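Comments concern the structure below.
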Amino acid sequence: MTVTIYVPRDSGALALGAGKVADAIASEIRTRGINAKLVRNGSRGLYWLEPMVEVETSQGRVAYGPVTAKDVASLFDADFLSGGKHALSLGDPEEIPYLARQTRLTFARVGITDPISLDDYKAHGGLVGLEKALTMTPTDIVRQVTDSGLRGRGGAGFPTGVKWKTVLDTPGELKYIVCNADEGDSGTFSDRMIMEGDPFILIEGMTIAAIAVGATKGYIYLRSEYPHAERALNEALAVARKAGVLGKSILGSIHAFDIEVRMGAGAYVCGEETALLDSLEGKRGQVRAKPPLPAHKGLFGRPTVINNVISLASVPIVLDKGAAYYKDFGLGRSRGTIPIQIAGNARYPGLFEAAFGLTLGEIVDKIGGGTKSGRPVRAVQVGGPLGAYFPRELFDTPFDYEAFAAKDGLIGHAGIVVFDDTVDMLKQARFAMEFCGIESCGKCTPCRVGAVRGVEVADRIAHGVEPEKQIELLEDLCNTMKFGSLCALGGFTPYPVMSALRHFPEDFRPHPVREAAE
Ligand SMILES: Cc1cc2nc3c(=O)[nH]c(=O)nc-3n(C[C@H](O)[C@H](O)[C@H](O)COP(=O)(O)O)c2cc1C
Ligand code: SF4
């Protein structure tokens with residue numbers, strides 16, 4: 001019998017040596033003359049255990065990790081192909097508490113299947129959503145998505161069904177589906193994990209969107225830093241075309257649709273949907289004033305659905321299991337599940353998909369295990385570089401769009417970056433302004449000029465130059481940026497700055513005063 005061994009092809013696992021581990025396993029298979037097959041799967045998202053190797057045994061999957069190339073020979077000696085005991089044994093991966101406690105809907109297949117095998121995808125419930133969509137009217141598909149309560153996972157949390165309805169209702173001979181795969185937020189990697197670990201779910205979600213609104217062409221705008229995702233997507237797209245999932249007749253139907261991958265060039269602002277469209281059109285990525293909305297006049301002036309990877313990858317589940325099933329997860333107006341990404345100084349960094357509603361404290365302390373450094377957690381930044389810093393006093397905030405907004409924060413793309421008590425929050429505030437200055441598209445003054453002035457003000461505070469006056473100036477500047485900027489880059493930079501100032505005022509005192517106080 002052929003034994004199947006899984007070694008992730010995920011970038012995170014590769015960065016930790018998965019490529020060398022796979023080579024070493026292939027070499028042992030050859031030299032020992034063993035009948036085994038090596039599959040390059042996605043990552044389960046338990047990054048402190050990567051590279052995590054799994055074997056399909058007669059008792060089910062057995063995992064080992066973190067494995068280095070040097071461990072490989074001893075794994076074979078310990079008969080790991082039959083689940084033999086080894087110092088790196090992790091047992092059944094599904095029973096590892098970090099994984100067992102999750103509700104995996106969007107990530108149900110990631111780490112389990114061969115990302116490029118359509119047969120594997122179908123064997124694990126893939127394409128059921130698309131097949132159902134092909135039997136429905138566009139209006140009914142859009143209604144299902146609306147009723148599911150799905151909101152955009154790219155950051156703004158806008159209802160996906162409402163966006164689709166606008167495009168459906170806008171007449172146009174040519175319409176587009178654009179997938180925002182720029183994933184520029186700090187500490188985020190869920191889009192990448194899906195594209196590398198289960199690209200067919202994104203292809204299926206985009207195809208359902210196309211049928212729903214009457215689009216014939218799709219683009220995935222992928223950040224340039226994701227070459228492994230690019231490869232996985234292009235391999236999967238070729239398989240999908242050959243199998244008739246994409247092309248002139250989707251699964252033999254009257255609908256035509258195809259998808260192309262386009263690479264970005266590394267600008268954070270090109271994740272903003274209108275700058276992204278400019279970039280896709282071959283121009284310098286600059287934010288467009290709204291209206292017109294992309295849903296009315298988007299790519300090349302045509303009606304366009306633009307959605308984040310996770311939003312689109314959640315759609316097949318909604319169509320397969322029904323709106324009510326999806327909506328049953330979550331709380332308030334935050335329905336379904338959200339793939340939370342725990343990063344920074346975390347003991348257990350990784351991806352944790354769960355229904356909305358866990359508290360921030362549960363995520364950071366119980367799931368993330370506190371800091372890797374072992375020092376106390378002082379702050380966490382939620383929602384990328386434009387997200388607020390949360391102190392421990394706000395750790396009872398439930399993971400929910402409205403609850404975070406009520407605390408002057410945002411969930412964004414659900415990335416959480418953990419900091420211990422050595423963090424200097426004035427430096428973090430300065431960094432937010434500096435980042436905005438570097439990444440600003442330059443179109444509006446509050447952001448273009450405000451960010452540069454913000455850095456200068458932060459520096460004056462650090463040097464003890466009229467600190468009280470400067471803090472007043474910083475608050476004033478933040479208000480101008482918040483209410484005067486054209487897009488959320490300038491408009492949300494005040495969130496990290498003001499939260500740092502509000503929750504950690506002691507860090508904004510001049511250094512000699514701070515040192516004396518400590
Ligand atoms: C500066 C800036 C950067 C952004 N970067 C991203 C990004 O990397 N990925 C993303 O999906 N949305 C990003 N967004 C949000 C998009 O503008 C837009 O809301 C999103 O693509 C809509 O898709 P959704 O409704 O599925 O979330 C960014 C917004 C701003 C203002
Ligand atoms: S806020 Fe900044 S990034 Fe956004 S449009 Fe204005 S200058 Fe460009």
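Going by the structure tokens order, chains are called A, B, ..., each with residues numbered from 1, while ligands are numbered from 1 in the order shown.
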
Shell of 12 Å around ligand 2 (only C-alpha atoms and all ligand atoms), written as number ranges by chain: A: 267-276, 284-290, 386, 433, 435-452, 480-494

Surrounding residues as a PyMOL selection string, ligand 1, max 8 Å, only C-alpha atoms and all ligand atoms: chain A and resi 151-160+163+179-185+268-274+306-312+413+487-490

I need the chosen residues saved as a PDB file, in the first residue's frame, with C-alpha atoms.
```pdb
ATOM      1  CA  ARG A 151     -19.558  41.220   5.559  1.00  0.00           C
ATOM      2  CA  GLY A 152     -16.374  42.082   3.698  1.00  0.00           C
ATOM      3  CA  ARG A 153     -13.332  40.621   5.429  1.00  0.00           C
ATOM      4  CA  GLY A 154     -10.913  43.088   3.793  1.00  0.00           C
ATOM      5  CA  GLY A 155     -11.387  45.638   6.537  1.00  0.00           C
ATOM      6  CA  ALA A 156     -14.462  47.797   6.136  1.00  0.00           C
ATOM      7  CA  GLY A 157     -17.005  45.057   6.946  1.00  0.00           C
ATOM      8  CA  PHE A 158     -19.401  46.167   4.208  1.00  0.00           C
ATOM      9  CA  PRO A 159     -22.254  43.668   3.530  1.00  0.00           C
ATOM     10  CA  THR A 160     -21.164  41.522   0.578  1.00  0.00           C
ATOM     11  CA  LYS A 163     -22.394  45.172  -2.970  1.00  0.00           C
ATOM     12  CA  CYS A 179     -10.375  39.812  -5.871  1.00  0.00           C
ATOM     13  CA  ASN A 180      -8.357  41.969  -3.520  1.00  0.00           C
ATOM     14  CA  ALA A 181      -5.393  39.772  -2.586  1.00  0.00           C
ATOM     15  CA  ASP A 182      -3.065  42.621  -1.687  1.00  0.00           C
ATOM     16  CA  GLU A 183      -3.086  41.600   2.001  1.00  0.00           C
ATOM     17  CA  GLY A 184      -0.982  44.528   3.118  1.00  0.00           C
ATOM     18  CA  ASP A 185      -1.916  44.642   6.811  1.00  0.00           C
ATOM     19  CA  TYR A 268       0.202  49.447   0.654  1.00  0.00           C
ATOM     20  CA  VAL A 269      -2.281  51.936  -0.786  1.00  0.00           C
ATOM     21  CA  CYS A 270      -2.929  49.611  -3.736  1.00  0.00           C
ATOM     22  CA  GLY A 271      -4.942  47.472  -1.313  1.00  0.00           C
ATOM     23  CA  GLU A 272      -7.463  50.325  -1.216  1.00  0.00           C
ATOM     24  CA  GLU A 273     -10.021  49.263  -3.770  1.00  0.00           C
ATOM     25  CA  THR A 274      -9.957  52.257  -6.125  1.00  0.00           C
ATOM     26  CA  ILE A 306     -14.340  44.013  -5.616  1.00  0.00           C
ATOM     27  CA  ASN A 307     -14.009  41.732  -2.632  1.00  0.00           C
ATOM     28  CA  ASN A 308     -11.340  40.432  -0.334  1.00  0.00           C
ATOM     29  CA  VAL A 309     -10.048  36.842  -0.670  1.00  0.00           C
ATOM     30  CA  ILE A 310     -11.737  35.632   2.523  1.00  0.00           C
ATOM     31  CA  SER A 311     -15.067  37.269   1.633  1.00  0.00           C
ATOM     32  CA  LEU A 312     -15.092  35.424  -1.701  1.00  0.00           C
ATOM     33  CA  HIS A 413      -8.571  42.010   8.345  1.00  0.00           C
ATOM     34  CA  CYS A 487      -9.453  57.476   2.166  1.00  0.00           C
ATOM     35  CA  ALA A 488      -8.849  55.337   5.223  1.00  0.00           C
ATOM     36  CA  LEU A 489      -5.048  55.465   4.959  1.00  0.00           C
ATOM     37  CA  GLY A 490      -4.966  59.065   6.120  1.00  0.00           C
TER      38      GLY A 490
END
```

DSSP alpha helix (DSSP H) selection over range 86-210 of chain A, as a ChimeraX atom specification: /A:97-100,118-123,128-133,138-148,160-169,190-197,199-210

If you take only C-alpha atoms and a cut-off of 12 Å, which residues of range 312-365 of chain A touch range 4-28 of chain A, and what are their nearest atom pairs and distances in Å to one decimal, in chain and number order, as a tab-separated table?
```
residue	atom	partner	partner_atom	distance
A:Pro349	CA	A:Gly12	CA	11.1
A:Gly350	CA	A:Gly12	CA	9.9
A:Leu351	CA	A:Gly12	CA	11.5
```

Go ahead and save the picked residues with N, CA and C atoms, as an mmCIF file, in the first residue's frame.
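File produced: again25.cif:
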```cif
data_model
loop_
_atom_site.group_PDB
_atom_site.id
_atom_site.type_symbol
_atom_site.label_atom_id
_atom_site.label_comp_id
_atom_site.auth_asym_id
_atom_site.auth_seq_id
_atom_site.Cartn_x
_atom_site.Cartn_y
_atom_site.Cartn_z
ATOM 1 N N PRO A 349 1.771 31.673 17.654
ATOM 2 C CA PRO A 349 1.296 32.441 16.498
ATOM 3 C C PRO A 349 0.622 31.511 15.502
ATOM 4 N N GLY A 350 -0.431 31.991 14.876
ATOM 5 C CA GLY A 350 -1.072 31.145 13.880
ATOM 6 C C GLY A 350 -2.433 31.639 13.490
ATOM 7 N N LEU A 351 -3.124 30.783 12.736
ATOM 8 C CA LEU A 351 -4.458 31.120 12.265
ATOM 9 C C LEU A 351 -5.502 30.400 13.106
#
```

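Nearest-residue note for Trp164 in chain A: choosing from A:Glu260, A:Asp424, A:Asp140, A:Glu94, the minimum distance belongs to A:Asp140, counting only C-alpha atoms.
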
Å distance separating CA of Ser117 in chain A from CA of Arg231 in chain A, one decimal place: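 Going from CA of Ser117 in chain A over to CA of Arg231 in chain A covers 14.1 Å.
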